[in-house]
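As stored in final.pdb (PDB, C-alpha atoms, pLDDT in the B column):
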```pdb
MODEL        1
ATOM      1  CA  MET G 572       8.625 -12.929  19.358  1.00 70.00           C
ATOM      2  CA  SER G 573       5.294 -11.148  19.624  1.00 81.00           C
ATOM      3  CA  PHE G 574       3.869  -8.265  17.609  1.00 85.00           C
ATOM      4  CA  HIS G 575       4.288  -6.108  20.745  1.00 82.00           C
ATOM      5  CA  LYS G 576       8.083  -6.224  20.343  1.00 88.00           C
ATOM      6  CA  LEU G 577       7.970  -4.809  16.805  1.00 91.00           C
ATOM      7  CA  GLY G 578       7.186  -1.275  17.957  1.00 88.00           C
ATOM      8  CA  LEU G 579       3.648  -1.091  16.633  1.00 92.00           C
ATOM      9  CA  ALA G 580       1.096   1.218  18.241  1.00 91.00           C
ATOM     10  CA  SER G 581      -1.576  -0.244  20.520  1.00 91.00           C
ATOM     11  CA  GLU G 582      -4.365   0.716  18.071  1.00 93.00           C
ATOM     12  CA  ILE G 583      -2.709  -1.320  15.338  1.00 94.00           C
ATOM     13  CA  LEU G 584      -1.977  -4.201  17.700  1.00 92.00           C
ATOM     14  CA  ARG G 585      -5.698  -4.341  18.534  1.00 91.00           C
ATOM     15  CA  GLY G 586      -6.424  -4.766  14.828  1.00 90.00           C
ATOM     16  CA  VAL G 587      -3.858  -7.556  14.597  1.00 91.00           C
ATOM     17  CA  GLN G 588      -5.261  -9.324  17.676  1.00 90.00           C
ATOM     18  CA  LYS G 589      -8.801  -8.929  16.399  1.00 89.00           C
ATOM     19  CA  GLN G 590      -7.742 -10.893  13.309  1.00 87.00           C
ATOM     20  CA  GLY G 591      -6.442 -13.673  15.556  1.00 86.00           C
ATOM     21  CA  TYR G 592      -2.707 -13.204  15.032  1.00 88.00           C
ATOM     22  CA  THR G 593      -0.349 -13.408  18.002  1.00 86.00           C
ATOM     23  CA  GLU G 594       3.139 -13.864  16.551  1.00 92.00           C
ATOM     24  CA  PRO G 595       4.652 -12.346  13.431  1.00 93.00           C
ATOM     25  CA  THR G 596       5.825 -14.516  10.561  1.00 92.00           C
ATOM     26  CA  PRO G 597       9.510 -14.319   9.543  1.00 92.00           C
ATOM     27  CA  ILE G 598       8.817 -11.786   6.763  1.00 93.00           C
ATOM     28  CA  GLN G 599       6.852  -9.628   9.202  1.00 94.00           C
ATOM     29  CA  SER G 600       9.461  -9.718  11.960  1.00 94.00           C
ATOM     30  CA  GLN G 601      12.185  -8.784   9.456  1.00 95.00           C
ATOM     31  CA  ALA G 602      10.344  -6.180   7.358  1.00 95.00           C
ATOM     32  CA  ILE G 603       8.243  -4.275   9.920  1.00 95.00           C
ATOM     33  CA  PRO G 604      11.181  -2.763  11.881  1.00 95.00           C
ATOM     34  CA  GLU G 605      12.907  -1.767   8.626  1.00 96.00           C
ATOM     35  CA  VAL G 606       9.785  -0.065   7.284  1.00 96.00           C
ATOM     36  CA  LEU G 607       9.191   1.692  10.617  1.00 96.00           C
ATOM     37  CA  ALA G 608      12.790   2.954  10.498  1.00 96.00           C
ATOM     38  CA  GLY G 609      11.982   4.644   7.180  1.00 95.00           C
ATOM     39  CA  HIS G 610      14.120   2.389   5.002  1.00 97.00           C
ATOM     40  CA  ASP G 611      13.285   1.279   1.496  1.00 96.00           C
ATOM     41  CA  VAL G 612      12.595  -2.456   1.573  1.00 94.00           C
ATOM     42  CA  LEU G 613      13.005  -5.173  -1.046  1.00 90.00           C
ATOM     43  CA  ALA G 614      11.389  -8.296   0.398  1.00 89.00           C
ATOM     44  CA  GLY G 615      10.719 -11.738  -0.965  1.00 84.00           C
ATOM     45  CA  ALA G 616       8.487 -14.383   0.560  1.00 79.00           C
ATOM     46  CA  GLN G 617       6.139 -16.985  -0.773  1.00 78.00           C
ATOM     47  CA  THR G 618       2.415 -16.403  -1.026  1.00 76.00           C
ATOM     48  CA  GLY G 619       0.643 -17.026   2.265  1.00 75.00           C
ATOM     49  CA  THR G 620       3.516 -15.917   4.508  1.00 78.00           C
ATOM     50  CA  GLY G 621       2.026 -12.609   5.618  1.00 86.00           C
ATOM     51  CA  LYS G 622       3.607 -10.185   3.147  1.00 90.00           C
ATOM     52  CA  THR G 623       0.538  -7.930   3.155  1.00 93.00           C
ATOM     53  CA  ALA G 624       0.709  -7.336   6.905  1.00 94.00           C
ATOM     54  CA  ALA G 625       4.491  -6.893   6.630  1.00 95.00           C
ATOM     55  CA  PHE G 626       3.967  -3.640   4.724  1.00 96.00           C
ATOM     56  CA  THR G 627       0.433  -2.688   5.797  1.00 97.00           C
ATOM     57  CA  LEU G 628       1.050  -2.565   9.560  1.00 97.00           C
ATOM     58  CA  PRO G 629       4.095  -0.268   9.507  1.00 97.00           C
ATOM     59  CA  MET G 630       2.599   1.855   6.707  1.00 98.00           C
ATOM     60  CA  LEU G 631      -0.474   2.488   8.852  1.00 97.00           C
ATOM     61  CA  GLN G 632       1.701   3.428  11.813  1.00 96.00           C
ATOM     62  CA  ILE G 633       3.877   5.831   9.822  1.00 96.00           C
ATOM     63  CA  LEU G 634       0.873   7.589   8.311  1.00 96.00           C
ATOM     64  CA  ASN G 635      -0.907   7.728  11.662  1.00 94.00           C
ATOM     65  CA  THR G 636       2.051   9.307  13.463  1.00 92.00           C
ATOM     66  CA  THR G 637       3.157  11.857  10.861  1.00 88.00           C
ATOM     67  CA  PRO G 638       1.146  14.983  10.100  1.00 82.00           C
ATOM     68  CA  ARG G 639      -0.797  15.278   6.883  1.00 81.00           C
ATOM     69  CA  GLN G 640       0.617  18.007   4.637  1.00 78.00           C
ATOM     70  CA  HIS G 641      -2.176  18.196   2.056  1.00 77.00           C
ATOM     71  CA  LYS G 642      -5.835  17.835   2.933  1.00 75.00           C
ATOM     72  CA  HIS G 643      -7.082  15.585   0.128  1.00 79.00           C
ATOM     73  CA  ALA G 644      -4.007  14.135  -1.580  1.00 90.00           C
ATOM     74  CA  PRO G 645      -3.176  10.493  -0.867  1.00 97.00           C
ATOM     75  CA  ARG G 646      -0.009   9.811   1.112  1.00 97.00           C
ATOM     76  CA  ALA G 647       0.482   6.120   0.322  1.00 98.00           C
ATOM     77  CA  LEU G 648       0.009   4.141  -2.878  1.00 98.00           C
ATOM     78  CA  VAL G 649      -0.094   0.345  -3.068  1.00 98.00           C
ATOM     79  CA  LEU G 650       0.117  -1.122  -6.578  1.00 96.00           C
ATOM     80  CA  ALA G 651      -1.312  -4.607  -7.047  1.00 94.00           C
ATOM     81  CA  PRO G 652      -1.480  -6.705 -10.233  1.00 92.00           C
ATOM     82  CA  THR G 653      -5.134  -7.789 -10.008  1.00 93.00           C
ATOM     83  CA  ARG G 654      -8.411  -6.461  -8.706  1.00 94.00           C
ATOM     84  CA  GLU G 655      -8.664  -9.455  -6.373  1.00 95.00           C
ATOM     85  CA  LEU G 656      -5.312  -8.702  -4.764  1.00 94.00           C
ATOM     86  CA  ALA G 657      -6.094  -4.984  -4.606  1.00 96.00           C
ATOM     87  CA  ALA G 658      -9.369  -5.763  -2.823  1.00 96.00           C
ATOM     88  CA  GLN G 659      -7.571  -8.118  -0.419  1.00 95.00           C
ATOM     89  CA  VAL G 660      -4.923  -5.507   0.428  1.00 96.00           C
ATOM     90  CA  GLY G 661      -7.620  -2.859   0.801  1.00 97.00           C
ATOM     91  CA  GLU G 662      -9.476  -5.089   3.244  1.00 96.00           C
ATOM     92  CA  SER G 663      -6.285  -5.626   5.261  1.00 95.00           C
ATOM     93  CA  VAL G 664      -5.732  -1.858   5.431  1.00 97.00           C
ATOM     94  CA  ARG G 665      -9.308  -1.415   6.633  1.00 96.00           C
ATOM     95  CA  LEU G 666      -9.180  -4.193   9.242  1.00 94.00           C
ATOM     96  CA  TYR G 667      -5.752  -3.419  10.688  1.00 95.00           C
ATOM     97  CA  GLY G 668      -6.406   0.313  10.682  1.00 94.00           C
ATOM     98  CA  GLU G 669      -9.929   0.120  12.079  1.00 92.00           C
ATOM     99  CA  ALA G 670      -9.033   2.159  15.194  1.00 92.00           C
ATOM    100  CA  LEU G 671      -7.128   4.810  13.228  1.00 94.00           C
ATOM    101  CA  ARG G 672      -8.379   7.996  11.594  1.00 92.00           C
ATOM    102  CA  LEU G 673      -6.916   7.096   8.207  1.00 94.00           C
ATOM    103  CA  ARG G 674      -9.055   6.824   5.094  1.00 95.00           C
ATOM    104  CA  SER G 675      -8.384   4.438   2.247  1.00 96.00           C
ATOM    105  CA  THR G 676      -9.893   3.378  -1.036  1.00 97.00           C
ATOM    106  CA  VAL G 677      -9.439   0.575  -3.550  1.00 97.00           C
ATOM    107  CA  ILE G 678      -9.201   1.414  -7.257  1.00 97.00           C
ATOM    108  CA  PHE G 679      -9.451  -1.074 -10.131  1.00 96.00           C
ATOM    109  CA  GLY G 680     -11.041  -1.425 -13.541  1.00 93.00           C
ATOM    110  CA  GLY G 681     -14.058  -3.445 -14.571  1.00 92.00           C
ATOM    111  CA  VAL G 682     -16.382  -1.394 -12.360  1.00 94.00           C
ATOM    112  CA  GLY G 683     -17.831   2.101 -12.630  1.00 93.00           C
ATOM    113  CA  ILE G 684     -15.234   4.841 -12.329  1.00 94.00           C
ATOM    114  CA  GLN G 685     -17.492   7.578 -10.918  1.00 96.00           C
ATOM    115  CA  PRO G 686     -17.794   6.118  -7.384  1.00 96.00           C
ATOM    116  CA  GLN G 687     -13.988   5.891  -7.291  1.00 96.00           C
ATOM    117  CA  ILE G 688     -13.688   9.531  -8.386  1.00 95.00           C
ATOM    118  CA  ASN G 689     -16.199  10.562  -5.721  1.00 95.00           C
ATOM    119  CA  ARG G 690     -14.258   8.730  -3.025  1.00 95.00           C
ATOM    120  CA  LEU G 691     -10.993  10.382  -4.080  1.00 95.00           C
ATOM    121  CA  LYS G 692     -12.657  13.816  -3.973  1.00 94.00           C
ATOM    122  CA  GLN G 693     -13.565  13.181  -0.323  1.00 93.00           C
ATOM    123  CA  GLY G 694      -9.875  12.725   0.437  1.00 92.00           C
ATOM    124  CA  VAL G 695      -8.018   9.541   1.269  1.00 95.00           C
ATOM    125  CA  ASP G 696      -4.687   8.730   2.896  1.00 96.00           C
ATOM    126  CA  ILE G 697      -4.105   5.375   1.193  1.00 98.00           C
ATOM    127  CA  VAL G 698      -4.911   4.291  -2.354  1.00 98.00           C
ATOM    128  CA  VAL G 699      -4.687   0.610  -3.251  1.00 98.00           C
ATOM    129  CA  GLY G 700      -5.119  -0.132  -6.922  1.00 97.00           C
ATOM    130  CA  THR G 701      -4.193  -1.666 -10.221  1.00 95.00           C
ATOM    131  CA  PRO G 702      -1.917   0.289 -12.566  1.00 94.00           C
ATOM    132  CA  GLY G 703      -4.330   0.735 -15.480  1.00 93.00           C
ATOM    133  CA  ARG G 704      -7.217   2.273 -13.541  1.00 96.00           C
ATOM    134  CA  LEU G 705      -4.838   4.393 -11.475  1.00 96.00           C
ATOM    135  CA  LEU G 706      -3.417   5.918 -14.652  1.00 96.00           C
ATOM    136  CA  ASP G 707      -6.956   6.468 -16.001  1.00 96.00           C
ATOM    137  CA  LEU G 708      -7.769   8.477 -12.884  1.00 97.00           C
ATOM    138  CA  VAL G 709      -4.504  10.443 -13.091  1.00 97.00           C
ATOM    139  CA  ASN G 710      -5.231  11.278 -16.742  1.00 96.00           C
ATOM    140  CA  GLN G 711      -8.717  12.490 -15.743  1.00 96.00           C
ATOM    141  CA  ARG G 712      -7.094  14.633 -13.023  1.00 95.00           C
ATOM    142  CA  ALA G 713      -9.093  12.781 -10.382  1.00 96.00           C
ATOM    143  CA  LEU G 714      -5.999  11.346  -8.674  1.00 96.00           C
ATOM    144  CA  ASP G 715      -2.980  13.360  -7.552  1.00 95.00           C
ATOM    145  CA  LEU G 716       0.145  11.302  -6.841  1.00 97.00           C
ATOM    146  CA  THR G 717       2.474  14.236  -6.185  1.00 95.00           C
ATOM    147  CA  HIS G 718       2.289  13.890  -2.394  1.00 96.00           C
ATOM    148  CA  ILE G 719       2.887  10.139  -2.065  1.00 97.00           C
ATOM    149  CA  GLU G 720       5.162   9.409   0.882  1.00 97.00           C
ATOM    150  CA  ILE G 721       5.091   5.594   0.676  1.00 98.00           C
ATOM    151  CA  LEU G 722       4.968   3.586  -2.566  1.00 98.00           C
ATOM    152  CA  VAL G 723       4.365  -0.159  -2.296  1.00 97.00           C
ATOM    153  CA  LEU G 724       4.692  -2.559  -5.207  1.00 94.00           C
ATOM    154  CA  ASP G 725       2.935  -5.732  -4.131  1.00 93.00           C
ATOM    155  CA  GLU G 726       3.500  -8.964  -6.064  1.00 88.00           C
ATOM    156  CA  ALA G 727       5.782  -7.112  -8.458  1.00 78.00           C
ATOM    157  CA  ASP G 728       6.706 -10.363 -10.202  1.00 79.00           C
ATOM    158  CA  ARG G 729       3.077 -10.881 -11.242  1.00 81.00           C
ATOM    159  CA  MET G 730       2.748  -7.274 -12.397  1.00 80.00           C
ATOM    160  CA  LEU G 731       5.716  -7.743 -14.721  1.00 78.00           C
ATOM    161  CA  ASP G 732       4.411 -11.116 -15.928  1.00 78.00           C
ATOM    162  CA  MET G 733       1.130  -9.396 -16.783  1.00 79.00           C
ATOM    163  CA  GLY G 734       2.896  -6.705 -18.833  1.00 78.00           C
ATOM    164  CA  PHE G 735       2.494  -3.737 -16.469  1.00 83.00           C
ATOM    165  CA  ILE G 736       6.132  -2.590 -16.634  1.00 86.00           C
ATOM    166  CA  HIS G 737       5.353   0.515 -18.726  1.00 90.00           C
ATOM    167  CA  ASP G 738       2.449   1.493 -16.455  1.00 92.00           C
ATOM    168  CA  ILE G 739       4.617   1.002 -13.376  1.00 91.00           C
ATOM    169  CA  ARG G 740       7.325   3.218 -14.866  1.00 91.00           C
ATOM    170  CA  LYS G 741       4.735   5.918 -15.613  1.00 95.00           C
ATOM    171  CA  ILE G 742       3.412   5.775 -12.064  1.00 95.00           C
ATOM    172  CA  ILE G 743       6.912   5.944 -10.586  1.00 94.00           C
ATOM    173  CA  ARG G 744       7.552   9.115 -12.626  1.00 96.00           C
ATOM    174  CA  LEU G 745       4.351  10.634 -11.155  1.00 97.00           C
ATOM    175  CA  VAL G 746       5.254  10.121  -7.481  1.00 97.00           C
ATOM    176  CA  PRO G 747       7.906  12.206  -5.676  1.00 96.00           C
ATOM    177  CA  ASP G 748      11.522  11.089  -5.815  1.00 95.00           C
ATOM    178  CA  GLU G 749      11.657  11.614  -2.043  1.00 95.00           C
ATOM    179  CA  ARG G 750       9.538   8.730  -0.803  1.00 97.00           C
ATOM    180  CA  GLN G 751       9.793   5.385   0.922  1.00 97.00           C
ATOM    181  CA  THR G 752       9.580   2.486  -1.526  1.00 96.00           C
ATOM    182  CA  LEU G 753       8.512  -0.990  -0.435  1.00 96.00           C
ATOM    183  CA  PHE G 754       8.869  -3.825  -2.915  1.00 92.00           C
ATOM    184  CA  PHE G 755       7.262  -7.151  -1.984  1.00 91.00           C
ATOM    185  CA  SER G 756       7.281 -10.165  -4.261  1.00 86.00           C
ATOM    186  CA  ALA G 757       7.175 -13.946  -4.160  1.00 76.00           C
ATOM    187  CA  THR G 758       9.975 -14.300  -6.724  1.00 74.00           C
ATOM    188  CA  TYR G 759      12.573 -12.001  -8.231  1.00 66.00           C
ATOM    189  CA  SER G 760      13.612 -12.144 -11.869  1.00 65.00           C
ATOM    190  CA  LYS G 761      16.433 -10.130 -13.475  1.00 62.00           C
ATOM    191  CA  GLU G 762      13.835  -7.653 -14.811  1.00 59.00           C
ATOM    192  CA  ILE G 763      12.659  -6.880 -11.273  1.00 58.00           C
TER     193      ILE G 763
ENDMDL
END
```
Let me see the file written as structure tokens.
Amino acid sequence: MSFHKLGLASEILRGVQKQGYTEPTPIQSQAIPEVLAGHDVLAGAQTGTGKTAAFTLPMLQILNTTPRQHKHAPRALVLAPTRELAAQVGESVRLYGEALRLRSTVIFGGVGIQPQINRLKQGVDIVVGTPGRLLDLVNQRALDLTHIEILVLDEADRMLDMGFIHDIRKIIRLVPDERQTLFFSATYSKEI
């Protein structure tokens, strides 16, 4: 099977080809059609199997083909357990969506908050970040999560291992009940 058969737009396929990928991995070929169909997805696959592209590619397509309702509010939120993973996901969003008119930003602690606030004020479609800094920005009224259409929890097992369950619950209460939820993890415990 090729990426062409998954129903992805040509602009996104160019981003995939530019990264040197020709055939989807099993997690990608299973998850992408489900995400494109608007379903909530609970997916498990080991690290290194292409989970990031499995949610990033269809998320980009959905956002690119549906009209924006609010000028500056983000439409998609990707939660990641570490700044390294958030940066990696943010880079994937940028590379795969290079030909699209979508704006994204990466949010995490340990760096100055003002540049992140400034970027959010300019308006973004996709926010990728760690729970703690995201909540800091919500509390400062610099980040509005009330218009999120797609919520992705990436490496949810690691987020729980790192003690983020309370932050995740707070964030889930801040996003609309009517949304698409994508849950990607390497392992699944009873808590998840």
Enter the distance from CA of Ile742 (chain G) to CA of Phe626 (chain G), in Å, rounded to one decimal.
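Taking CA of Ile742 (chain G) as the start and CA of Phe626 (chain G) as the end point, the length is 19.3 Å.
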What does the distance from CA of Gly683 (chain G) to CA of Gly661 (chain G) come to in Å, to one decimal?
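For CA of Gly683 (chain G) relative to CA of Gly661 (chain G), the distance reads 17.6 Å.
The interatomic distance for the pair CA of Asp738 (chain G) and CA of Pro702 (chain G) works out to 6.0 Å.
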Find the smallest box with edges along x, y and z containing every listed atom of region 745-755 of chain G, then add 3 Å on each side and report centre and edge lengths in Å to one decimal, as AutoDock Vina command-line options.
```
--center_x 8.0 --center_y 2.5 --center_z -5.1 --size_x 13.3 --size_y 25.4 --size_z 18.1
```
Do you know which residues the PyMOL selection byres ((chain G and resi 700) around 12) returns on this file, as an MDAnalysis selection string?
chainID G and resid 647:661 675:680 687 697:699 701:708 714 722:725 730 739 742
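Proximity of G:Arg744, G:Lys589, G:His610, G:Lys622 to Ala670 (chain G), computed with only C-alpha atoms, is greatest for G:Lys589.
Closest approach to Val587 (chain G) among G:Ala602, G:Leu666, G:Met630, G:Val612: G:Leu666, based on all atoms listed in the file.
Among the candidates G:Ile688, G:Thr752, G:Leu745, G:Arg646, the one nearest to Ile719 (chain G) when counting only C-alpha atoms is G:Arg646.
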Would you mind telling me which residue in G:Gln599, G:Asn689, G:Gln640, G:Ser756 lies nearest to Lys576 (chain G) when using all atoms listed in the file?
G:Gln599
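If you measure from each of G:Gly609, G:Pro747, G:Gly681, G:Pro595 to Leu577 (chain G) using all atoms listed in the file, the closest one turns out to be G:Pro595.
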On this structure, the PyMOL selection byres ((chain G and resi 613) around 8) would catch which residues? List them as number ranges by chain, sorted by chain and number.
G: 611-612, 614-615, 753-755
For each of G:Arg585, G:Leu631, G:Pro645, G:Thr593, take the minimum atom-to-atom distance to Met572 (chain G), counting all atoms listed in the file, then give the residue where this is smallest.
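When distances to Met572 (chain G) are compared using all atoms listed in the file, the smallest one comes from G:Thr593.
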Run the PyMOL selection byres ((chain G and resi 749) around 10) mentally over the shown coordinates, then write out the matched residues as a ChimeraX atom specification, using the chain letters and numbers from the document.
/G:718-721,746-748,750-752
My structure is short of atoms at region 616-630 of chain G; please model N, CA, C and O atoms there, returning them as a short mmCIF file (atom, residue, chain, number, x, y, z; two decimals), in the frame of the given file.
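For reference, rebuild25.cif as written:
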```cif
data_model
loop_
_atom_site.label_atom_id
_atom_site.label_comp_id
_atom_site.auth_asym_id
_atom_site.auth_seq_id
_atom_site.Cartn_x
_atom_site.Cartn_y
_atom_site.Cartn_z
N ALA G 616 9.04 -13.28 -0.24
CA ALA G 616 8.49 -14.38 0.56
C ALA G 616 7.35 -15.00 -0.23
O ALA G 616 6.65 -14.31 -0.98
N GLN G 617 7.18 -16.27 -0.04
CA GLN G 617 6.14 -16.98 -0.77
C GLN G 617 4.75 -16.50 -0.40
O GLN G 617 4.54 -15.94 0.68
N THR G 618 3.81 -16.74 -1.28
CA THR G 618 2.42 -16.40 -1.03
C THR G 618 1.94 -17.13 0.23
O THR G 618 2.29 -18.28 0.46
N GLY G 619 1.18 -16.43 1.05
CA GLY G 619 0.64 -17.03 2.26
C GLY G 619 1.53 -16.87 3.49
O GLY G 619 1.25 -17.45 4.53
N THR G 620 2.59 -16.08 3.38
CA THR G 620 3.52 -15.92 4.51
C THR G 620 3.31 -14.61 5.27
O THR G 620 4.07 -14.31 6.18
N GLY G 621 2.32 -13.84 4.88
CA GLY G 621 2.03 -12.61 5.62
C GLY G 621 2.68 -11.36 5.06
O GLY G 621 2.89 -10.40 5.80
N LYS G 622 2.97 -11.36 3.75
CA LYS G 622 3.61 -10.18 3.15
C LYS G 622 2.73 -8.94 3.28
O LYS G 622 3.24 -7.86 3.53
N THR G 623 1.42 -9.10 3.11
CA THR G 623 0.54 -7.93 3.16
C THR G 623 0.64 -7.22 4.50
O THR G 623 0.79 -6.00 4.56
N ALA G 624 0.58 -7.96 5.58
CA ALA G 624 0.71 -7.34 6.90
C ALA G 624 2.11 -6.77 7.11
O ALA G 624 2.28 -5.77 7.82
N ALA G 625 3.11 -7.36 6.47
CA ALA G 625 4.49 -6.89 6.63
C ALA G 625 4.67 -5.46 6.13
O ALA G 625 5.53 -4.74 6.63
N PHE G 626 3.88 -5.05 5.15
CA PHE G 626 3.97 -3.64 4.72
C PHE G 626 2.79 -2.82 5.21
O PHE G 626 2.92 -1.62 5.46
N THR G 627 1.62 -3.43 5.39
CA THR G 627 0.43 -2.69 5.80
C THR G 627 0.55 -2.15 7.22
O THR G 627 0.26 -0.98 7.48
N LEU G 628 0.98 -2.98 8.15
CA LEU G 628 1.05 -2.56 9.56
C LEU G 628 1.99 -1.37 9.77
O LEU G 628 1.57 -0.36 10.34
N PRO G 629 3.24 -1.44 9.29
CA PRO G 629 4.10 -0.27 9.51
C PRO G 629 3.66 0.95 8.69
O PRO G 629 3.81 2.09 9.14
N MET G 630 3.10 0.73 7.50
CA MET G 630 2.60 1.86 6.71
C MET G 630 1.51 2.61 7.46
O MET G 630 1.52 3.84 7.54
#
```
